[in-house]
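This report concerns only the one structure given below.
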2 protein chains.
Amino acid sequence: MVCVVSDVATSSSTPSPRSRRAARVTGDERERAILTTAETLLGERSLHEISVDDLARGAGISRPTFYFYFASKEAVLLALIDRMVAEAHERRGDVMERFAQDPRGVLYDATKAVYDTFRHHRAATLAAADARASSTEIRELWERVMDQFVDETTLAIETERARGAAPALLPARDLATALNLMNERVMHAAVARSVPGVAEDDVVRTLVAIWISAIYGANAPA
Amino acid sequence: MVCVVSDVATSSSTPSPRSRRAARVTGDERERAILTTAETLLGERSLHEISVDDLARGAGISRPTFYFYFASKEAVLLALIDRMVAEAHERRGDVMERFAQDPRGVLYDATKAVYDTFRHHRAATLAAADARASSTEIRELWERVMDQFVDETTLAIETERARGAAPALLPARDLATALNLMNERVMHAAVARSVPGVAEDDVVRTLVAIWISAIYGANAPA
DNA sequence: GGCGCTCTCAACACCGTGTCGAGTCACTGT
DNA sequence: ACAGTGACTCGACACGGTGTTGAGAGCGCC
């Protein structure tokens with residue numbers, strides 16, 4: 001798996017005290033044990049309710065030892081999110097480039113790829129949304145991801161307008177921003193099963209339909 | 001000011017130890033002092049970074065005395081949000097009832113009313129969004145508000161469809177849910193001035209345009 | 001002058017974080 | 001064989017936060 005967005009949490013702002021290379025075998029195992037413990041516990045309760053001690057115990061180490069591997073529990077979550085974001089990008093690929101050929105199909109595939117990734121990593125997704133408020137690093141990672149989606153969408157809209165397929169009712173960037181924020185919020189509500197929310201299986205078709213209407217207006221393609 | 005949604009935070013789940021009625025004059029003043037201190041401090045930093053001691057000191061009382069007035073700092077925020085929600089409802093009124101006569105105008109007024117309220121209470125809005133994750137009471141209050149918006153929107157869409165003004169491309173409730181979640185997220189991003197986001201003054205027109213396209217499709221009114 | 005009520009706070013018990021410093025252990029070069 | 005080095009480990013601590021307890025102060029009212 002390639003890490004497209006940032007280095008793993010080990011590279012987070014507070015530099016961890018080591019530069020492990022060719023570590024003793026157990027080292028990487030412990031790191032992975034912390035990560036999987038975090039994923040498990042996040043399935044049960046929020047990061048806020050998980051203590052560093054819980055994470056350490058789950059990985060079979062003491063609390064101080066935890067700090068050898070991660071600067072904080074937020075850094076653990078950051079690593080988890082990073083993996084997830086990389087997966088979302090991989091699943092989605094460069095699908096937006098074929099936009100003009102089959103807008104509805106491309107939109108559907110791209111939306112579904114991202115949504116499936118989030119759905120598949122429910123715990124990390126919900127924790128990420130929570131932690132955005134309190135962790136600068138997590139917020140910035142998320143902003144970078146969203147910004148990239150908005151850039152791609154803006155470009156697609158402008159291309160469609162240039163070839164006369166879509167009307168210019170709003171600035172392309174404003175429209176792209178609002179639509180992507182909608183996706184984020186609706187997907188989150190569905191994954192969190194919160195109220196009000198769209199049923200998990202109706203999310204993609206709902207979002208795609210709104211995108212098509214908003215982008216093409218009266219000229220909506222089949 | 002009428003409290004439309006819930007009792008003030010005093011009624012929060014952890015019952016506070018008193019039932020104040022006709023209290024000594026200083027009592028209500030202190031309660032208000034805590035509230036205004038909270039509003040001020042939230043303008044500078046997040047609830048997470050504000051301690052009960054900060055709130056107490058700001059109101060000129062000791063920390064234990066704070067607990068005489070509120071069960072926790074979350075309860076203070078709940079009271080703040082409650083006031084804000086009441087204000088949003090008041091500003092907005094029953095505007096949705098005139099929907100069919102002038103969809104675009106009504107939508108614009110309703111969206112602007114809610115948005116202006118949030119914008120006016122920037123600190124409480126941002127704190128509310130943060131705290132939704134950690135406080136059940138705040139989440140439930142918010143869910144109730146959103147649910148009411150979705151109900152009203154669903155009804156408006158169904159009415160428009162019944163009179164043949166709008167096509168039924170999606171279940172009305174799914175559409176209403178997605179549009180309201182979009183509003184929430186886009187307004188939040190604008191108030192938080194986060195990236196990516198729509199410029200503060202373009203929020204309302206962007207949202208209204210997307211609503212009109214999504215609800216009316218090819219039949220968009222003027 | 002004693003009662004009940006609102007209101008106040010010092011002192012306490014508790015829990016979570018992050019750090020420090022003193023170790024252990026495996027490997028590497030000599 | 002053995003000292004050195006760097007990865008790794010954890011007991012003990014300092015600190016900062018929360019929420020509670022118990023002892024009162026001030027006041028109105030009979």
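Chain lettering (A, B, ...) mirrors the order of the structure tokens, residue numbering begins at 1 for each chain separately, and ligand numbering begins at 1 in order of display.
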Compute the chain C side of the contact with chain B at 8 Å, counting only C-alpha atoms (C1' of nucleotides), and hand it back as a PDB file with N, CA, C and O atoms (P, O5', C5', C4', C3', O3' and C1' of nucleotides), in the first residue's frame.
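This is the output file result.pdb:
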ATOM      1  P    DT C   6     -33.614  26.204  48.339  1.00  0.00           P
ATOM      2  O5'  DT C   6     -32.563  27.413  48.275  1.00  0.00           O
ATOM      3  C5'  DT C   6     -33.030  28.721  47.992  1.00  0.00           C
ATOM      4  C4'  DT C   6     -31.861  29.686  48.082  1.00  0.00           C
ATOM      5  C3'  DT C   6     -30.800  29.447  47.014  1.00  0.00           C
ATOM      6  O3'  DT C   6     -30.436  30.719  46.495  1.00  0.00           O
ATOM      7  C1'  DT C   6     -29.807  29.422  49.169  1.00  0.00           C
ATOM      8  P    DC C   7     -29.612  30.806  45.131  1.00  0.00           P
ATOM      9  O5'  DC C   7     -28.122  30.758  45.683  1.00  0.00           O
ATOM     10  C5'  DC C   7     -27.667  31.830  46.507  1.00  0.00           C
ATOM     11  C4'  DC C   7     -26.434  31.424  47.263  1.00  0.00           C
ATOM     12  C3'  DC C   7     -25.230  30.993  46.408  1.00  0.00           C
ATOM     13  O3'  DC C   7     -24.310  32.074  46.412  1.00  0.00           O
ATOM     14  C1'  DC C   7     -25.403  29.808  48.464  1.00  0.00           C
ATOM     15  P    DT C   8     -23.073  32.068  45.515  1.00  0.00           P
ATOM     16  O5'  DT C   8     -21.966  31.485  46.491  1.00  0.00           O
ATOM     17  C5'  DT C   8     -21.466  32.308  47.548  1.00  0.00           C
ATOM     18  C4'  DT C   8     -20.465  31.504  48.347  1.00  0.00           C
ATOM     19  C3'  DT C   8     -19.367  30.883  47.512  1.00  0.00           C
ATOM     20  O3'  DT C   8     -18.175  31.650  47.652  1.00  0.00           O
ATOM     21  C1'  DT C   8     -20.154  29.412  49.216  1.00  0.00           C
ATOM     22  P    DC C   9     -16.968  31.359  46.671  1.00  0.00           P
ATOM     23  O5'  DC C   9     -16.104  30.316  47.530  1.00  0.00           O
ATOM     24  C5'  DC C   9     -15.684  30.667  48.839  1.00  0.00           C
ATOM     25  C4'  DC C   9     -15.113  29.435  49.496  1.00  0.00           C
ATOM     26  C3'  DC C   9     -14.005  28.745  48.674  1.00  0.00           C
ATOM     27  O3'  DC C   9     -12.967  28.403  49.559  1.00  0.00           O
ATOM     28  C1'  DC C   9     -15.629  27.188  49.310  1.00  0.00           C
TER      29       DC C   9
END
Rotate and translate chain B onto chain A via least squares on all in-order Cα pairs, then write the result as a PDB file with C-alpha atoms, in the first residue's frame.
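Below you can see selection_35.pdb, which holds the result:
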ATOM      1  CA  MET B   1       0.190   0.131   0.319  1.00  0.00           C
ATOM      2  CA  VAL B   2       1.478   3.493  -0.760  1.00  0.00           C
ATOM      3  CA  CYS B   3       1.085   6.437   1.542  1.00  0.00           C
ATOM      4  CA  VAL B   4      -0.113   9.203  -0.698  1.00  0.00           C
ATOM      5  CA  VAL B   5      -0.947  11.941   1.679  1.00  0.00           C
ATOM      6  CA  SER B   6       1.467  12.244   4.554  1.00  0.00           C
ATOM      7  CA  ASP B   7       4.052  10.159   6.258  1.00  0.00           C
ATOM      8  CA  VAL B   8       2.758   7.824   8.864  1.00  0.00           C
ATOM      9  CA  ALA B   9       1.972   9.291  12.237  1.00  0.00           C
ATOM     10  CA  THR B  10       5.582   8.822  13.259  1.00  0.00           C
ATOM     11  CA  SER B  11       6.189  12.056  11.395  1.00  0.00           C
ATOM     12  CA  SER B  12       3.708  13.998  13.499  1.00  0.00           C
ATOM     13  CA  SER B  13       4.727  17.443  14.707  1.00  0.00           C
ATOM     14  CA  THR B  14       5.997  16.366  18.108  1.00  0.00           C
ATOM     15  CA  PRO B  15       9.007  14.431  16.894  1.00  0.00           C
ATOM     16  CA  SER B  16       9.114  11.002  18.469  1.00  0.00           C
ATOM     17  CA  PRO B  17      12.287  10.290  20.402  1.00  0.00           C
ATOM     18  CA  ARG B  18      13.688   7.665  18.066  1.00  0.00           C
ATOM     19  CA  SER B  19      14.638   7.073  14.482  1.00  0.00           C
ATOM     20  CA  ARG B  20      13.952   3.378  14.169  1.00  0.00           C
ATOM     21  CA  ARG B  21      15.490   1.636  11.218  1.00  0.00           C
ATOM     22  CA  ALA B  22      16.134  -2.094  11.070  1.00  0.00           C
ATOM     23  CA  ALA B  23      14.665  -2.349  14.559  1.00  0.00           C
ATOM     24  CA  ARG B  24      14.529  -5.512  16.577  1.00  0.00           C
ATOM     25  CA  VAL B  25      11.768  -7.728  15.200  1.00  0.00           C
ATOM     26  CA  THR B  26       9.432  -7.115  18.104  1.00  0.00           C
ATOM     27  CA  GLY B  27       9.470  -3.374  17.480  1.00  0.00           C
ATOM     28  CA  ASP B  28       7.289  -3.221  14.400  1.00  0.00           C
ATOM     29  CA  GLU B  29       5.039  -5.911  15.782  1.00  0.00           C
ATOM     30  CA  ARG B  30       4.349  -3.762  18.817  1.00  0.00           C
ATOM     31  CA  GLU B  31       3.586  -0.761  16.633  1.00  0.00           C
ATOM     32  CA  ARG B  32       1.125  -2.823  14.660  1.00  0.00           C
ATOM     33  CA  ALA B  33      -0.338  -4.215  17.881  1.00  0.00           C
ATOM     34  CA  ILE B  34      -1.042  -0.667  19.060  1.00  0.00           C
ATOM     35  CA  LEU B  35      -2.716   0.157  15.753  1.00  0.00           C
ATOM     36  CA  THR B  36      -4.965  -2.891  15.786  1.00  0.00           C
ATOM     37  CA  THR B  37      -5.800  -2.366  19.456  1.00  0.00           C
ATOM     38  CA  ALA B  38      -6.820   1.191  18.603  1.00  0.00           C
ATOM     39  CA  GLU B  39      -8.992   0.003  15.733  1.00  0.00           C
ATOM     40  CA  THR B  40     -10.710  -2.540  17.975  1.00  0.00           C
ATOM     41  CA  LEU B  41     -11.311  -0.178  20.867  1.00  0.00           C
ATOM     42  CA  LEU B  42     -12.573   2.571  18.560  1.00  0.00           C
ATOM     43  CA  GLY B  43     -15.267   0.147  17.513  1.00  0.00           C
ATOM     44  CA  GLU B  44     -16.546   0.231  21.067  1.00  0.00           C
ATOM     45  CA  ARG B  45     -16.010   3.786  22.265  1.00  0.00           C
ATOM     46  CA  SER B  46     -14.640   7.171  21.234  1.00  0.00           C
ATOM     47  CA  LEU B  47     -10.981   8.134  21.311  1.00  0.00           C
ATOM     48  CA  HIS B  48     -11.798  10.459  24.156  1.00  0.00           C
ATOM     49  CA  GLU B  49     -12.930   7.500  26.224  1.00  0.00           C
ATOM     50  CA  ILE B  50      -9.872   5.421  25.407  1.00  0.00           C
ATOM     51  CA  SER B  51      -6.821   6.069  27.557  1.00  0.00           C
ATOM     52  CA  VAL B  52      -3.214   5.640  26.541  1.00  0.00           C
ATOM     53  CA  ASP B  53      -3.152   2.921  29.176  1.00  0.00           C
ATOM     54  CA  ASP B  54      -5.917   1.005  27.371  1.00  0.00           C
ATOM     55  CA  LEU B  55      -3.928   1.168  24.158  1.00  0.00           C
ATOM     56  CA  ALA B  56      -0.707   0.087  25.869  1.00  0.00           C
ATOM     57  CA  ARG B  57      -2.342  -2.788  27.766  1.00  0.00           C
ATOM     58  CA  GLY B  58      -4.066  -3.962  24.595  1.00  0.00           C
ATOM     59  CA  ALA B  59      -0.694  -4.127  22.872  1.00  0.00           C
ATOM     60  CA  GLY B  60       0.896  -5.874  25.859  1.00  0.00           C
ATOM     61  CA  ILE B  61       3.195  -3.030  26.880  1.00  0.00           C
ATOM     62  CA  SER B  62       3.351  -0.445  29.647  1.00  0.00           C
ATOM     63  CA  ARG B  63       2.156   3.106  29.258  1.00  0.00           C
ATOM     64  CA  PRO B  64       5.603   4.710  29.027  1.00  0.00           C
ATOM     65  CA  THR B  65       6.567   2.203  26.374  1.00  0.00           C
ATOM     66  CA  PHE B  66       3.593   3.363  24.321  1.00  0.00           C
ATOM     67  CA  TYR B  67       5.258   6.761  24.086  1.00  0.00           C
ATOM     68  CA  PHE B  68       8.259   5.143  22.498  1.00  0.00           C
ATOM     69  CA  TYR B  69       6.080   4.274  19.527  1.00  0.00           C
ATOM     70  CA  PHE B  70       3.631   7.157  19.309  1.00  0.00           C
ATOM     71  CA  ALA B  71       3.693  10.711  20.598  1.00  0.00           C
ATOM     72  CA  SER B  72       0.055  10.550  21.732  1.00  0.00           C
ATOM     73  CA  LYS B  73      -3.142   8.639  21.111  1.00  0.00           C
ATOM     74  CA  GLU B  74      -4.042  11.222  18.460  1.00  0.00           C
ATOM     75  CA  ALA B  75      -0.913  10.181  16.566  1.00  0.00           C
ATOM     76  CA  VAL B  76      -2.206   6.604  16.532  1.00  0.00           C
ATOM     77  CA  LEU B  77      -5.482   7.755  15.044  1.00  0.00           C
ATOM     78  CA  LEU B  78      -3.580   9.836  12.504  1.00  0.00           C
ATOM     79  CA  ALA B  79      -1.761   6.710  11.333  1.00  0.00           C
ATOM     80  CA  LEU B  80      -5.064   4.873  11.057  1.00  0.00           C
ATOM     81  CA  ILE B  81      -6.634   7.679   9.030  1.00  0.00           C
ATOM     82  CA  ASP B  82      -3.607   7.874   6.818  1.00  0.00           C
ATOM     83  CA  ARG B  83      -3.957   4.227   5.881  1.00  0.00           C
ATOM     84  CA  MET B  84      -7.645   4.729   5.198  1.00  0.00           C
ATOM     85  CA  VAL B  85      -7.122   7.789   3.014  1.00  0.00           C
ATOM     86  CA  ALA B  86      -4.534   5.935   0.969  1.00  0.00           C
ATOM     87  CA  GLU B  87      -7.028   3.131   0.471  1.00  0.00           C
ATOM     88  CA  ALA B  88      -9.768   5.539  -0.643  1.00  0.00           C
ATOM     89  CA  HIS B  89      -7.448   7.062  -3.221  1.00  0.00           C
ATOM     90  CA  GLU B  90      -6.426   3.668  -4.475  1.00  0.00           C
ATOM     91  CA  ARG B  91     -10.003   2.450  -4.865  1.00  0.00           C
ATOM     92  CA  ARG B  92     -11.048   5.627  -6.577  1.00  0.00           C
ATOM     93  CA  GLY B  93      -8.136   5.931  -8.966  1.00  0.00           C
ATOM     94  CA  ASP B  94      -8.161   8.545 -11.711  1.00  0.00           C
ATOM     95  CA  VAL B  95     -11.783   7.957 -12.443  1.00  0.00           C
ATOM     96  CA  MET B  96     -12.610  11.660 -12.735  1.00  0.00           C
ATOM     97  CA  GLU B  97     -10.620  11.937 -15.946  1.00  0.00           C
ATOM     98  CA  ARG B  98     -13.269  10.042 -17.888  1.00  0.00           C
ATOM     99  CA  PHE B  99     -15.929  12.406 -16.570  1.00  0.00           C
ATOM    100  CA  ALA B 100     -17.247  13.828 -19.833  1.00  0.00           C
ATOM    101  CA  GLN B 101     -17.772  10.382 -21.381  1.00  0.00           C
ATOM    102  CA  ASP B 102     -20.221   9.150 -18.765  1.00  0.00           C
ATOM    103  CA  PRO B 103     -20.810  11.668 -15.967  1.00  0.00           C
ATOM    104  CA  ARG B 104     -23.395   9.671 -14.108  1.00  0.00           C
ATOM    105  CA  GLY B 105     -21.392   6.430 -14.234  1.00  0.00           C
ATOM    106  CA  VAL B 106     -18.107   8.034 -13.265  1.00  0.00           C
ATOM    107  CA  LEU B 107     -19.719   9.981 -10.464  1.00  0.00           C
ATOM    108  CA  TYR B 108     -21.381   6.845  -9.220  1.00  0.00           C
ATOM    109  CA  ASP B 109     -18.152   4.853  -9.227  1.00  0.00           C
ATOM    110  CA  ALA B 110     -16.091   7.589  -7.575  1.00  0.00           C
ATOM    111  CA  THR B 111     -18.683   8.265  -4.889  1.00  0.00           C
ATOM    112  CA  LYS B 112     -19.115   4.582  -4.202  1.00  0.00           C
ATOM    113  CA  ALA B 113     -15.363   4.001  -3.948  1.00  0.00           C
ATOM    114  CA  VAL B 114     -14.953   6.659  -1.297  1.00  0.00           C
ATOM    115  CA  TYR B 115     -18.099   5.689   0.526  1.00  0.00           C
ATOM    116  CA  ASP B 116     -17.194   2.011   0.633  1.00  0.00           C
ATOM    117  CA  THR B 117     -13.814   2.837   2.083  1.00  0.00           C
ATOM    118  CA  PHE B 118     -15.349   4.871   4.877  1.00  0.00           C
ATOM    119  CA  ARG B 119     -18.006   2.296   5.501  1.00  0.00           C
ATOM    120  CA  HIS B 120     -15.384  -0.419   5.675  1.00  0.00           C
ATOM    121  CA  HIS B 121     -13.417   1.540   8.305  1.00  0.00           C
ATOM    122  CA  ARG B 122     -16.361   2.677  10.352  1.00  0.00           C
ATOM    123  CA  ALA B 123     -14.448   3.122  13.618  1.00  0.00           C
ATOM    124  CA  ALA B 124     -11.617   5.160  12.112  1.00  0.00           C
ATOM    125  CA  THR B 125     -14.045   7.298  10.104  1.00  0.00           C
ATOM    126  CA  LEU B 126     -16.100   8.278  13.119  1.00  0.00           C
ATOM    127  CA  ALA B 127     -13.035   8.860  15.259  1.00  0.00           C
ATOM    128  CA  ALA B 128     -11.493  10.993  12.519  1.00  0.00           C
ATOM    129  CA  ALA B 129     -14.548  13.235  12.363  1.00  0.00           C
ATOM    130  CA  ASP B 130     -14.500  13.687  16.126  1.00  0.00           C
ATOM    131  CA  ALA B 131     -10.805  14.359  16.319  1.00  0.00           C
ATOM    132  CA  ARG B 132     -10.794  16.962  13.558  1.00  0.00           C
ATOM    133  CA  ALA B 133     -11.899  19.494  16.132  1.00  0.00           C
ATOM    134  CA  SER B 134      -9.117  18.830  18.616  1.00  0.00           C
ATOM    135  CA  SER B 135      -6.133  17.756  16.550  1.00  0.00           C
ATOM    136  CA  THR B 136      -4.487  20.162  14.122  1.00  0.00           C
ATOM    137  CA  GLU B 137      -2.713  17.360  12.301  1.00  0.00           C
ATOM    138  CA  ILE B 138      -5.858  15.359  11.722  1.00  0.00           C
ATOM    139  CA  ARG B 139      -7.721  18.460  10.602  1.00  0.00           C
ATOM    140  CA  GLU B 140      -4.997  19.356   8.157  1.00  0.00           C
ATOM    141  CA  LEU B 141      -4.809  15.862   6.718  1.00  0.00           C
ATOM    142  CA  TRP B 142      -8.572  15.921   6.210  1.00  0.00           C
ATOM    143  CA  GLU B 143      -8.488  19.383   4.681  1.00  0.00           C
ATOM    144  CA  ARG B 144      -5.878  18.267   2.199  1.00  0.00           C
ATOM    145  CA  VAL B 145      -8.006  15.301   1.156  1.00  0.00           C
ATOM    146  CA  MET B 146     -11.152  17.386   0.795  1.00  0.00           C
ATOM    147  CA  ASP B 147      -9.301  20.088  -1.074  1.00  0.00           C
ATOM    148  CA  GLN B 148      -8.068  17.609  -3.615  1.00  0.00           C
ATOM    149  CA  PHE B 149     -11.606  16.344  -4.180  1.00  0.00           C
ATOM    150  CA  VAL B 150     -12.810  19.925  -4.616  1.00  0.00           C
ATOM    151  CA  ASP B 151     -10.028  20.679  -7.105  1.00  0.00           C
ATOM    152  CA  GLU B 152     -10.910  17.658  -9.207  1.00  0.00           C
ATOM    153  CA  THR B 153     -14.601  18.447  -9.081  1.00  0.00           C
ATOM    154  CA  THR B 154     -14.036  22.080 -10.019  1.00  0.00           C
ATOM    155  CA  LEU B 155     -11.995  21.011 -13.012  1.00  0.00           C
ATOM    156  CA  ALA B 156     -14.657  18.533 -14.136  1.00  0.00           C
ATOM    157  CA  ILE B 157     -17.403  21.154 -13.860  1.00  0.00           C
ATOM    158  CA  GLU B 158     -15.400  23.713 -15.789  1.00  0.00           C
ATOM    159  CA  THR B 159     -14.647  21.189 -18.502  1.00  0.00           C
ATOM    160  CA  GLU B 160     -18.332  20.347 -18.866  1.00  0.00           C
ATOM    161  CA  ARG B 161     -19.223  24.034 -19.032  1.00  0.00           C
ATOM    162  CA  ALA B 162     -16.545  24.692 -21.620  1.00  0.00           C
ATOM    163  CA  ARG B 163     -18.025  22.091 -23.942  1.00  0.00           C
ATOM    164  CA  GLY B 164     -21.495  23.542 -23.411  1.00  0.00           C
ATOM    165  CA  ALA B 165     -22.859  20.552 -21.525  1.00  0.00           C
ATOM    166  CA  ALA B 166     -23.509  22.400 -18.256  1.00  0.00           C
ATOM    167  CA  PRO B 167     -24.839  25.896 -17.454  1.00  0.00           C
ATOM    168  CA  ALA B 168     -22.777  28.302 -15.340  1.00  0.00           C
ATOM    169  CA  LEU B 169     -25.275  29.169 -12.634  1.00  0.00           C
ATOM    170  CA  LEU B 170     -22.735  29.392  -9.825  1.00  0.00           C
ATOM    171  CA  PRO B 171     -18.952  29.763  -9.615  1.00  0.00           C
ATOM    172  CA  ALA B 172     -17.654  26.259 -10.302  1.00  0.00           C
ATOM    173  CA  ARG B 173     -15.530  26.209  -7.187  1.00  0.00           C
ATOM    174  CA  ASP B 174     -18.397  27.196  -4.861  1.00  0.00           C
ATOM    175  CA  LEU B 175     -20.559  24.498  -6.359  1.00  0.00           C
ATOM    176  CA  ALA B 176     -17.792  21.913  -6.118  1.00  0.00           C
ATOM    177  CA  THR B 177     -17.123  22.855  -2.507  1.00  0.00           C
ATOM    178  CA  ALA B 178     -20.749  22.629  -1.428  1.00  0.00           C
ATOM    179  CA  LEU B 179     -21.251  19.288  -3.177  1.00  0.00           C
ATOM    180  CA  ASN B 180     -18.159  17.742  -1.645  1.00  0.00           C
ATOM    181  CA  LEU B 181     -19.049  19.016   1.815  1.00  0.00           C
ATOM    182  CA  MET B 182     -22.500  17.517   1.341  1.00  0.00           C
ATOM    183  CA  ASN B 183     -20.928  14.178   0.501  1.00  0.00           C
ATOM    184  CA  GLU B 184     -18.746  14.312   3.553  1.00  0.00           C
ATOM    185  CA  ARG B 185     -21.627  15.097   5.870  1.00  0.00           C
ATOM    186  CA  VAL B 186     -24.130  12.683   4.367  1.00  0.00           C
ATOM    187  CA  MET B 187     -21.619   9.827   4.297  1.00  0.00           C
ATOM    188  CA  HIS B 188     -20.666  10.561   7.866  1.00  0.00           C
ATOM    189  CA  ALA B 189     -24.279  10.584   9.018  1.00  0.00           C
ATOM    190  CA  ALA B 190     -24.890   7.271   7.255  1.00  0.00           C
ATOM    191  CA  VAL B 191     -21.791   5.592   8.661  1.00  0.00           C
ATOM    192  CA  ALA B 192     -22.626   6.946  12.118  1.00  0.00           C
ATOM    193  CA  ARG B 193     -26.237   5.876  11.633  1.00  0.00           C
ATOM    194  CA  SER B 194     -27.195   9.217  13.133  1.00  0.00           C
ATOM    195  CA  VAL B 195     -30.503  11.049  12.865  1.00  0.00           C
ATOM    196  CA  PRO B 196     -31.363  12.616  10.509  1.00  0.00           C
ATOM    197  CA  GLY B 197     -29.568  10.499   7.937  1.00  0.00           C
ATOM    198  CA  VAL B 198     -30.009   8.655   4.658  1.00  0.00           C
ATOM    199  CA  ALA B 199     -30.218   4.844   4.799  1.00  0.00           C
ATOM    200  CA  GLU B 200     -26.797   3.288   4.255  1.00  0.00           C
ATOM    201  CA  ASP B 201     -27.714   1.736   0.917  1.00  0.00           C
ATOM    202  CA  ASP B 202     -29.344   4.862  -0.529  1.00  0.00           C
ATOM    203  CA  VAL B 203     -26.445   7.206   0.107  1.00  0.00           C
ATOM    204  CA  VAL B 204     -24.663   6.914  -3.235  1.00  0.00           C
ATOM    205  CA  ARG B 205     -27.673   7.232  -5.495  1.00  0.00           C
ATOM    206  CA  THR B 206     -28.991  10.191  -3.465  1.00  0.00           C
ATOM    207  CA  LEU B 207     -25.713  12.066  -3.681  1.00  0.00           C
ATOM    208  CA  VAL B 208     -25.172  11.334  -7.359  1.00  0.00           C
ATOM    209  CA  ALA B 209     -28.682  12.526  -8.246  1.00  0.00           C
ATOM    210  CA  ILE B 210     -28.111  15.829  -6.462  1.00  0.00           C
ATOM    211  CA  TRP B 211     -24.714  16.302  -8.118  1.00  0.00           C
ATOM    212  CA  ILE B 212     -26.190  15.728 -11.569  1.00  0.00           C
ATOM    213  CA  SER B 213     -29.054  18.157 -10.967  1.00  0.00           C
ATOM    214  CA  ALA B 214     -26.795  20.812  -9.490  1.00  0.00           C
ATOM    215  CA  ILE B 215     -24.125  20.579 -12.181  1.00  0.00           C
ATOM    216  CA  TYR B 216     -26.283  20.140 -15.280  1.00  0.00           C
ATOM    217  CA  GLY B 217     -29.505  21.903 -14.249  1.00  0.00           C
ATOM    218  CA  ALA B 218     -32.042  21.609 -17.056  1.00  0.00           C
ATOM    219  CA  ASN B 219     -29.519  19.733 -19.265  1.00  0.00           C
ATOM    220  CA  ALA B 220     -29.250  16.695 -17.015  1.00  0.00           C
ATOM    221  CA  PRO B 221     -27.857  13.695 -18.963  1.00  0.00           C
ATOM    222  CA  ALA B 222     -29.487  10.287 -18.808  1.00  0.00           C
TER     223      ALA B 222
END
Inset, instruction - Residues of chain D no more than 9 Å from chain B, counting only C-alpha atoms (C1' of nucleotides): send them over as a count of residues only. - result: 4
